[in-house]
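Structure file target.cif; described as mmCIF, C-alpha atoms.
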data_model
loop_
_atom_site.label_atom_id
_atom_site.label_comp_id
_atom_site.auth_asym_id
_atom_site.auth_seq_id
_atom_site.Cartn_x
_atom_site.Cartn_y
_atom_site.Cartn_z
CA MET A 1 6.03 40.35 7.07
CA SER A 2 6.63 41.77 3.62
CA VAL A 3 10.17 42.46 2.50
CA GLY A 4 11.27 46.08 2.39
CA THR A 5 13.09 47.84 -0.43
CA VAL A 6 16.69 49.03 -0.42
CA TYR A 7 17.59 52.24 -2.25
CA LEU A 8 21.21 52.66 -3.35
CA VAL A 9 21.37 56.45 -3.31
CA GLY A 10 24.08 58.84 -4.46
CA SER A 11 24.13 62.05 -2.43
CA GLY A 12 26.25 64.03 -4.88
CA PRO A 13 29.50 65.73 -3.88
CA GLY A 14 28.27 67.07 -0.53
CA ASP A 15 26.32 70.31 -0.97
CA PRO A 16 22.68 69.48 -0.06
CA ASP A 17 21.47 71.68 -2.92
CA LEU A 18 23.19 69.31 -5.36
CA MET A 19 21.27 66.22 -4.24
CA THR A 20 18.57 64.98 -6.59
CA VAL A 21 14.97 65.62 -5.62
CA LYS A 22 14.44 61.87 -5.29
CA ALA A 23 17.44 61.43 -2.98
CA ALA A 24 16.17 64.20 -0.68
CA ARG A 25 12.67 62.67 -0.60
CA LEU A 26 13.97 59.21 0.23
CA LEU A 27 16.01 60.55 3.14
CA GLU A 28 12.79 61.94 4.60
CA THR A 29 10.73 58.77 4.16
CA ALA A 30 13.28 56.01 4.86
CA ASP A 31 13.10 53.95 8.05
CA VAL A 32 16.89 53.53 8.19
CA VAL A 33 19.80 55.27 6.43
CA LEU A 34 23.11 53.44 6.21
CA HIS A 35 25.68 56.06 5.27
CA ASP A 36 29.40 56.41 4.80
CA LYS A 37 31.46 59.53 5.58
CA LEU A 38 31.42 61.09 2.13
CA PRO A 39 27.91 62.61 1.86
CA GLY A 40 29.24 65.44 4.02
CA PRO A 41 28.14 66.95 7.34
CA GLU A 42 25.37 69.19 5.99
CA ILE A 43 23.55 66.26 4.42
CA LEU A 44 24.07 63.90 7.35
CA GLU A 45 22.80 66.52 9.81
CA ARG A 46 19.48 66.57 7.95
CA ILE A 47 18.86 62.90 8.80
CA PRO A 48 17.38 62.29 12.27
CA GLU A 49 19.99 60.64 14.45
CA GLU A 50 17.72 57.72 15.32
CA LYS A 51 17.52 56.79 11.61
CA ARG A 52 21.25 56.95 10.90
CA GLU A 53 23.69 54.04 10.92
CA ASP A 54 27.32 54.90 10.17
CA VAL A 55 28.99 52.24 8.02
CA GLY A 56 31.77 54.51 6.83
CA LYS A 57 35.39 53.82 6.06
CA ARG A 58 38.47 55.95 6.61
CA ALA A 59 41.96 55.20 5.31
CA GLY A 60 44.15 54.37 8.29
CA GLY A 61 41.24 54.76 10.72
CA GLU A 62 38.17 52.93 11.85
CA TRP A 63 36.15 51.25 9.16
CA THR A 64 33.15 49.00 8.67
CA PRO A 65 33.79 45.78 6.73
CA GLN A 66 31.86 45.64 3.47
CA GLU A 67 30.58 42.20 4.43
CA TYR A 68 28.86 43.71 7.47
CA THR A 69 27.18 46.39 5.36
CA ASN A 70 25.95 43.78 2.91
CA ARG A 71 24.46 41.67 5.71
CA ARG A 72 22.90 44.67 7.41
CA LEU A 73 21.10 45.77 4.24
CA VAL A 74 19.57 42.32 3.88
CA GLU A 75 18.62 42.10 7.57
CA LEU A 76 16.85 45.45 7.60
CA ALA A 77 14.97 44.74 4.38
CA ARG A 78 13.80 41.38 5.72
CA GLU A 79 12.40 43.25 8.73
CA GLY A 80 10.15 45.09 6.26
CA LYS A 81 12.00 48.40 6.49
CA THR A 82 12.59 50.94 3.74
CA VAL A 83 16.36 51.29 3.67
CA VAL A 84 18.53 53.97 2.08
CA ARG A 85 22.18 53.12 1.48
CA LEU A 86 23.55 56.64 1.16
CA LYS A 87 26.86 57.17 -0.62
CA GLY A 88 28.88 60.20 -1.61
CA GLY A 89 28.82 61.09 -5.30
CA ASP A 90 27.29 58.33 -7.39
CA PRO A 91 26.82 54.81 -5.93
CA PHE A 92 28.45 53.16 -8.95
CA VAL A 93 31.62 55.29 -9.21
CA PHE A 94 34.04 53.61 -6.79
CA GLY A 95 31.15 53.42 -4.34
CA ARG A 96 30.74 49.62 -4.07
CA GLY A 97 27.18 49.96 -5.26
CA GLY A 98 27.75 47.14 -7.72
CA GLU A 99 28.79 44.74 -4.95
CA GLU A 100 25.80 45.66 -2.80
CA MET A 101 23.41 45.33 -5.73
CA GLU A 102 24.63 41.79 -6.39
CA GLN A 103 24.32 40.84 -2.72
CA LEU A 104 20.75 42.14 -2.56
CA ALA A 105 19.76 40.26 -5.70
CA ALA A 106 21.30 37.05 -4.35
CA ALA A 107 19.21 37.45 -1.18
CA ASP A 108 15.97 38.13 -3.15
CA ILE A 109 15.79 41.71 -1.84
CA PRO A 110 14.18 44.31 -4.14
CA PHE A 111 16.29 47.41 -4.67
CA GLU A 112 16.39 50.62 -6.65
CA VAL A 113 19.35 52.68 -7.84
CA VAL A 114 19.18 56.46 -7.42
CA PRO A 115 22.12 58.01 -9.29
CA GLY A 116 23.97 61.01 -7.91
CA ILE A 117 26.29 63.64 -9.33
CA THR A 118 29.72 62.03 -9.18
CA SER A 119 32.37 64.04 -7.37
CA ALA A 120 34.81 63.01 -10.11
CA ILE A 121 33.14 65.61 -12.34
CA ALA A 122 31.43 67.93 -9.84
CA GLY A 123 34.52 68.37 -7.66
CA PRO A 124 36.78 69.72 -10.40
CA GLY A 125 33.88 71.64 -11.95
CA THR A 126 33.07 73.60 -8.80
CA ALA A 127 36.78 74.42 -8.49
CA GLY A 128 36.73 75.96 -11.98
CA ILE A 129 38.24 72.94 -13.72
CA PRO A 130 36.35 71.29 -16.61
CA VAL A 131 37.35 67.65 -17.04
CA THR A 132 37.07 68.10 -20.82
CA HIS A 133 37.82 71.18 -22.89
CA ARG A 134 38.00 71.56 -26.66
CA ASP A 135 41.40 73.24 -26.41
CA HIS A 136 42.94 70.88 -23.87
CA ALA A 137 41.31 67.47 -23.48
CA SER A 138 38.91 65.37 -25.53
CA SER A 139 38.99 62.39 -23.16
CA VAL A 140 38.93 61.77 -19.43
CA SER A 141 39.94 58.74 -17.35
CA PHE A 142 38.70 58.02 -13.82
CA VAL A 143 40.81 55.83 -11.55
CA THR A 144 40.99 55.02 -7.87
CA GLY A 145 44.03 55.83 -5.83
CA HIS A 146 42.98 53.43 -3.09
CA GLU A 147 42.53 49.87 -4.33
CA ASP A 148 41.56 46.76 -2.38
CA PRO A 149 44.65 46.02 -0.24
CA THR A 150 44.15 42.27 -0.71
CA LYS A 151 44.97 42.55 -4.43
CA GLU A 152 48.32 41.02 -5.34
CA GLU A 153 49.04 43.82 -7.82
CA SER A 154 47.47 47.08 -8.95
CA ALA A 155 44.85 46.97 -11.69
CA VAL A 156 45.72 50.55 -12.67
CA ASP A 157 48.12 50.76 -15.61
CA TRP A 158 49.82 54.11 -15.06
CA ASP A 159 52.02 53.64 -18.14
CA ALA A 160 48.94 53.31 -20.33
CA LEU A 161 47.26 56.30 -18.70
CA ALA A 162 50.33 58.45 -19.28
CA ALA A 163 50.27 57.49 -22.95
CA THR A 164 46.51 58.03 -23.36
CA GLY A 165 46.59 61.76 -22.76
CA GLY A 166 43.50 63.77 -21.89
CA THR A 167 42.46 64.38 -18.30
CA LEU A 168 43.19 61.97 -15.46
CA VAL A 169 40.98 62.17 -12.37
CA VAL A 170 42.12 60.18 -9.33
CA LEU A 171 39.67 59.59 -6.49
CA MET A 172 40.83 58.66 -2.99
CA GLY A 173 44.40 59.34 -4.04
CA VAL A 174 45.86 61.79 -1.52
CA GLY A 175 47.91 59.22 0.38
CA LYS A 176 49.29 57.55 -2.74
CA LEU A 177 50.02 60.84 -4.52
CA PRO A 178 53.83 60.42 -4.43
CA ASP A 179 53.56 56.92 -5.90
CA TYR A 180 51.38 57.61 -8.91
CA THR A 181 52.84 61.00 -9.79
CA ALA A 182 56.26 59.35 -9.88
CA ALA A 183 54.84 56.49 -11.97
CA LEU A 184 53.36 58.94 -14.47
CA ARG A 185 56.63 60.87 -14.77
CA GLU A 186 58.57 57.64 -15.26
CA ALA A 187 56.08 56.69 -17.98
CA GLY A 188 56.92 59.86 -19.88
CA MET A 189 54.32 62.38 -18.75
CA ASP A 190 55.66 65.94 -18.76
CA PRO A 191 56.68 66.99 -15.19
CA GLU A 192 55.20 70.43 -15.93
CA THR A 193 51.71 69.00 -16.48
CA PRO A 194 49.23 71.02 -14.35
CA VAL A 195 47.73 69.22 -11.33
CA ALA A 196 45.00 70.28 -8.90
CA LEU A 197 43.88 68.85 -5.57
CA VAL A 198 40.26 69.52 -4.61
CA GLU A 199 39.56 68.74 -0.97
CA ARG A 200 35.99 68.30 0.30
CA ALA A 201 34.46 69.58 -2.92
CA THR A 202 31.27 71.66 -2.38
CA TRP A 203 31.52 71.27 1.43
CA PRO A 204 31.71 74.52 3.48
CA GLU A 205 35.43 73.91 4.12
CA MET A 206 36.30 73.09 0.50
CA ARG A 207 39.93 73.83 -0.43
CA VAL A 208 41.89 73.79 -3.69
CA ALA A 209 45.64 73.54 -4.22
CA THR A 210 47.42 73.60 -7.56
CA GLY A 211 50.86 72.73 -8.86
CA THR A 212 52.50 70.53 -11.45
CA LEU A 213 53.21 66.82 -11.68
CA ASP A 214 56.65 67.64 -10.33
CA THR A 215 55.59 69.93 -7.45
CA ILE A 216 52.16 68.72 -6.33
CA VAL A 217 53.45 66.44 -3.55
CA SER A 218 55.23 69.42 -1.97
CA VAL A 219 52.09 71.51 -2.41
CA ARG A 220 50.02 68.82 -0.70
CA ASP A 221 52.39 68.71 2.26
CA GLU A 222 52.68 72.49 2.64
CA THR A 223 48.94 73.10 2.44
CA GLU A 224 48.09 69.97 4.46
CA ILE A 225 45.49 68.76 1.98
CA GLU A 226 43.72 65.73 3.45
CA PRO A 227 41.15 63.15 2.31
CA PRO A 228 38.58 63.21 0.93
CA ALA A 229 40.17 64.92 -2.05
CA ILE A 230 40.24 64.56 -5.83
CA THR A 231 43.37 64.82 -7.96
CA VAL A 232 43.02 66.30 -11.44
CA ILE A 233 45.99 65.80 -13.76
CA GLY A 234 46.14 67.41 -17.19
CA GLU A 235 46.08 70.70 -19.05
CA VAL A 236 42.51 71.42 -17.87
CA ALA A 237 43.83 71.88 -14.32
CA GLY A 238 45.53 75.03 -15.55
CA THR A 239 42.26 76.67 -16.57
CA ARG A 240 41.35 77.43 -12.95
CA GLU A 241 43.70 80.40 -12.77
CA ASN A 242 41.84 82.02 -15.68
CA VAL A 243 38.42 81.91 -14.00
CA VAL A 244 38.88 81.69 -10.22
CA GLU A 245 38.48 85.45 -9.67
CA PHE A 246 34.92 85.26 -11.02
CA LEU A 247 33.98 81.81 -9.69
CA ARG A 248 31.04 81.96 -7.28
CA ASN A 249 30.83 78.32 -6.24
CA ARG A 250 31.60 77.66 -2.61
CA THR A 251 35.38 77.36 -2.57
CA GLY A 252 36.18 77.87 1.11
CA THR A 253 38.67 80.42 2.43
CA PHE A 254 41.88 78.78 1.25
CA GLU A 255 43.87 80.49 -1.50
CA ASP A 256 46.20 78.21 -3.41
CA GLU A 257 48.29 80.62 -5.46
CA SER A 258 50.93 81.41 -2.81
CA ALA A 259 51.46 77.75 -1.95
CA THR A 260 51.87 76.92 -5.62
CA GLN A 261 54.44 79.67 -6.11
CA GLU A 262 56.43 78.60 -3.03
CA ALA A 263 56.51 75.00 -4.25
CA ASP A 264 57.69 76.13 -7.69
CA GLU A 265 60.52 78.09 -6.12
#
Output the file's structure as C-alpha cells, nothing else.
Amino acid sequence: MSVGTVYLVGSGPGDPDLMTVKAARLLETADVVLHDKLPGPEILERIPEEKREDVGKRAGGEWTPQEYTNRRLVELAREGKTVVRLKGGDPFVFGRGGEEMEQLAAADIPFEVVPGITSAIAGPGTAGIPVTHRDHASSVSFVTGHEDPTKEESAVDWDALAATGGTLVVLMGVGKLPDYTAALREAGMDPETPVALVERATWPEMRVATGTLDTIVSVRDETEIEPPAITVIGEVAGTRENVVEFLRNRTGTFEDESATQEADE
C-alpha cells in the first residue's frame, strides 16, 4: 500500500468565506480530517461527520495529547489515506504545525503546508483594529498567553515587550489576562494604554470589548469574554471607536461601549 499525504491546513479565523480555495478543496477530497476546536462551527459543519476526528484542546477542559495527534497522523498516512490536519488561523502561528511537520518527516511521511489567514491579524482587523498604523504603531509582536505548562519558567519577556512599544497581540490569553497586564504595568507601560478583546473573531457570535491596560480585566469579567479570544494592546486598539459605526464585518450583537464606560467609572 502506498503512503498517503498529510496536509497541514490553516482554516483562517473561522468565517468559511475566509478560507483559501485550496483549504476548501482539500476538505472536500480528504479521506480524514483531524481538527481542533478553533476552525469554528460553520467550517466544521461542512465536513461530513464520518470524516471528522476531533483532536482539539480546551484550557481547563478535555484535551487530546499532542503525542496522540502525531501518532494518528502517521498511522492514517501509512494506511494510504489523504489526511487533512485542520487548524484555526495559520498552522505555524502557535498551532503546533512545526512539531507535527517534524514528526511526519521523521516517520518518512510526505506532507504539504497550506497556510491560512492568522487570527492574530484577521481578528483585530475584522474588529476595526489594524495591528500597524502609521500614526500609532510601526511594529507588532505576537505572543502566546498559554505556554506549555511543563516549562520551568515563561519564555515571554514582558519587560522587553513593554519597552519595545508598537502593538502587542496576545493569543490564548484570556485566562492569564490579569497576570500579563499587571506585568506590563510593572514594566512601565502606561495604564491608560488602549486594550481590546476580540472573542471568536469572524464567527457568528463574535464579540468585542475594549478598555485600558488598567481596566481591561474588569471589562473582561463584566462582559464575560471567554476563549477563544485575542488581546490587542497598544494605541491601535483605540482606532476602533473611530470606525465601528461604519464597519460591516460580522461583529455579532454585543456592544462594548457601555461596558467600557462602566469599567472606567
Please provide the set of residues having any atom within 10 Å of Ser139 of chain A, restricted to all atoms listed in the file, with same-chain residues fewer than 3 positions apart removed, written as a ChimeraX atom specification. /A:131-134,136,164-168
Output of the above residues as a PDB file, in the coordinates of the input, restricted to C-alpha atoms:
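Result written to again.pdb:
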ATOM      1  CA  VAL A 131      37.350  67.650 -17.040  1.00  0.00           C
ATOM      2  CA  THR A 132      37.070  68.100 -20.820  1.00  0.00           C
ATOM      3  CA  HIS A 133      37.820  71.180 -22.890  1.00  0.00           C
ATOM      4  CA  ARG A 134      38.000  71.560 -26.660  1.00  0.00           C
ATOM      5  CA  HIS A 136      42.940  70.880 -23.870  1.00  0.00           C
ATOM      6  CA  THR A 164      46.510  58.030 -23.360  1.00  0.00           C
ATOM      7  CA  GLY A 165      46.590  61.760 -22.760  1.00  0.00           C
ATOM      8  CA  GLY A 166      43.500  63.770 -21.890  1.00  0.00           C
ATOM      9  CA  THR A 167      42.460  64.380 -18.300  1.00  0.00           C
ATOM     10  CA  LEU A 168      43.190  61.970 -15.460  1.00  0.00           C
TER      11      LEU A 168
END
For the PyMOL selection byres ((chain A and resi 80) around 12), applied here, can you spell out every residue it catches as JSON, numbers by chain? {"A": [1, 2, 3, 4, 5, 6, 30, 31, 32, 73, 74, 75, 76, 77, 78, 79, 81, 82, 83, 109, 110]}
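Residues of protein, DNA and RNA with at least one atom no farther than 10 Å from (14.8, 62.3, -0.8) are, using all atoms listed in the file, Val9, Ser11, Met19, Thr20, Val21, Lys22, Ala23, Ala24, Arg25, Leu26, Leu27, Glu28, Thr29, Ala30, Val84 and Val114 of chain A.
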Rounded to one decimal in Å, what is the spacing between atom CA of Glu192 of chain A and atom CA of Ile121 of chain A?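 Computed distance, atom CA of Glu192 of chain A to atom CA of Ile121 of chain A, equals 22.9 Å.
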Suppose you want the space between atom CA of Phe92 of chain A and atom CA of Gly12 of chain A; what is it in Å? 11.8 Å
If the PyMOL selection byres ((chain A and resi 157) around 12) is run on the structure shown, which residues does it catch, given as a PyMOL selection string? chain A and resi 141+143-145+153-156+158-164+180+183-184+187
Using all atoms listed in the file, pick whichever of A:Arg46, A:Arg248, A:Lys87, A:Arg71 has the shortest atom-to-atom distance to Ala106 of chain A.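 The closest residue to Ala106 of chain A is A:Arg71.
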With only C-alpha atoms as the atoms that count, which of A:Ala182, A:Gly56, A:Leu177, A:Glu199 lies nearest to Gly14 of chain A?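 Of A:Ala182, A:Gly56, A:Leu177, A:Glu199, the one nearest Gly14 of chain A is A:Glu199, counting only C-alpha atoms.
You will find atom CA of Asp36 of chain A at 8.7 Å from atom CA of Glu53 of chain A.
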Centre and edge lengths, as JSON, for the axis-aligned box enclosing every listed atom of segment 25-28 of chain A with 6 Å of padding on each of the six sides, in Å to one decimal?
{"center_x": 14.3, "center_y": 60.9, "center_z": 2.0, "size_x": 15.3, "size_y": 15.5, "size_z": 17.2}
Step by step, work through what the PyMOL selection byres ((chain A and resi 70) around 10) selects in the shown file, and finish by giving those residues as a tab-separated table (two decimals) with C-alpha atoms, in the frame of the given file.
chain	number	residue	atom	x	y	z
A	65	PRO	CA	33.79	45.78	6.73
A	66	GLN	CA	31.86	45.64	3.47
A	67	GLU	CA	30.58	42.20	4.43
A	68	TYR	CA	28.86	43.71	7.47
A	69	THR	CA	27.18	46.39	5.36
A	71	ARG	CA	24.46	41.67	5.71
A	72	ARG	CA	22.90	44.67	7.41
A	73	LEU	CA	21.10	45.77	4.24
A	74	VAL	CA	19.57	42.32	3.88
A	75	GLU	CA	18.62	42.10	7.57
A	99	GLU	CA	28.79	44.74	-4.95
A	100	GLU	CA	25.80	45.66	-2.80
A	101	MET	CA	23.41	45.33	-5.73
A	102	GLU	CA	24.63	41.79	-6.39
A	103	GLN	CA	24.32	40.84	-2.72
A	104	LEU	CA	20.75	42.14	-2.56
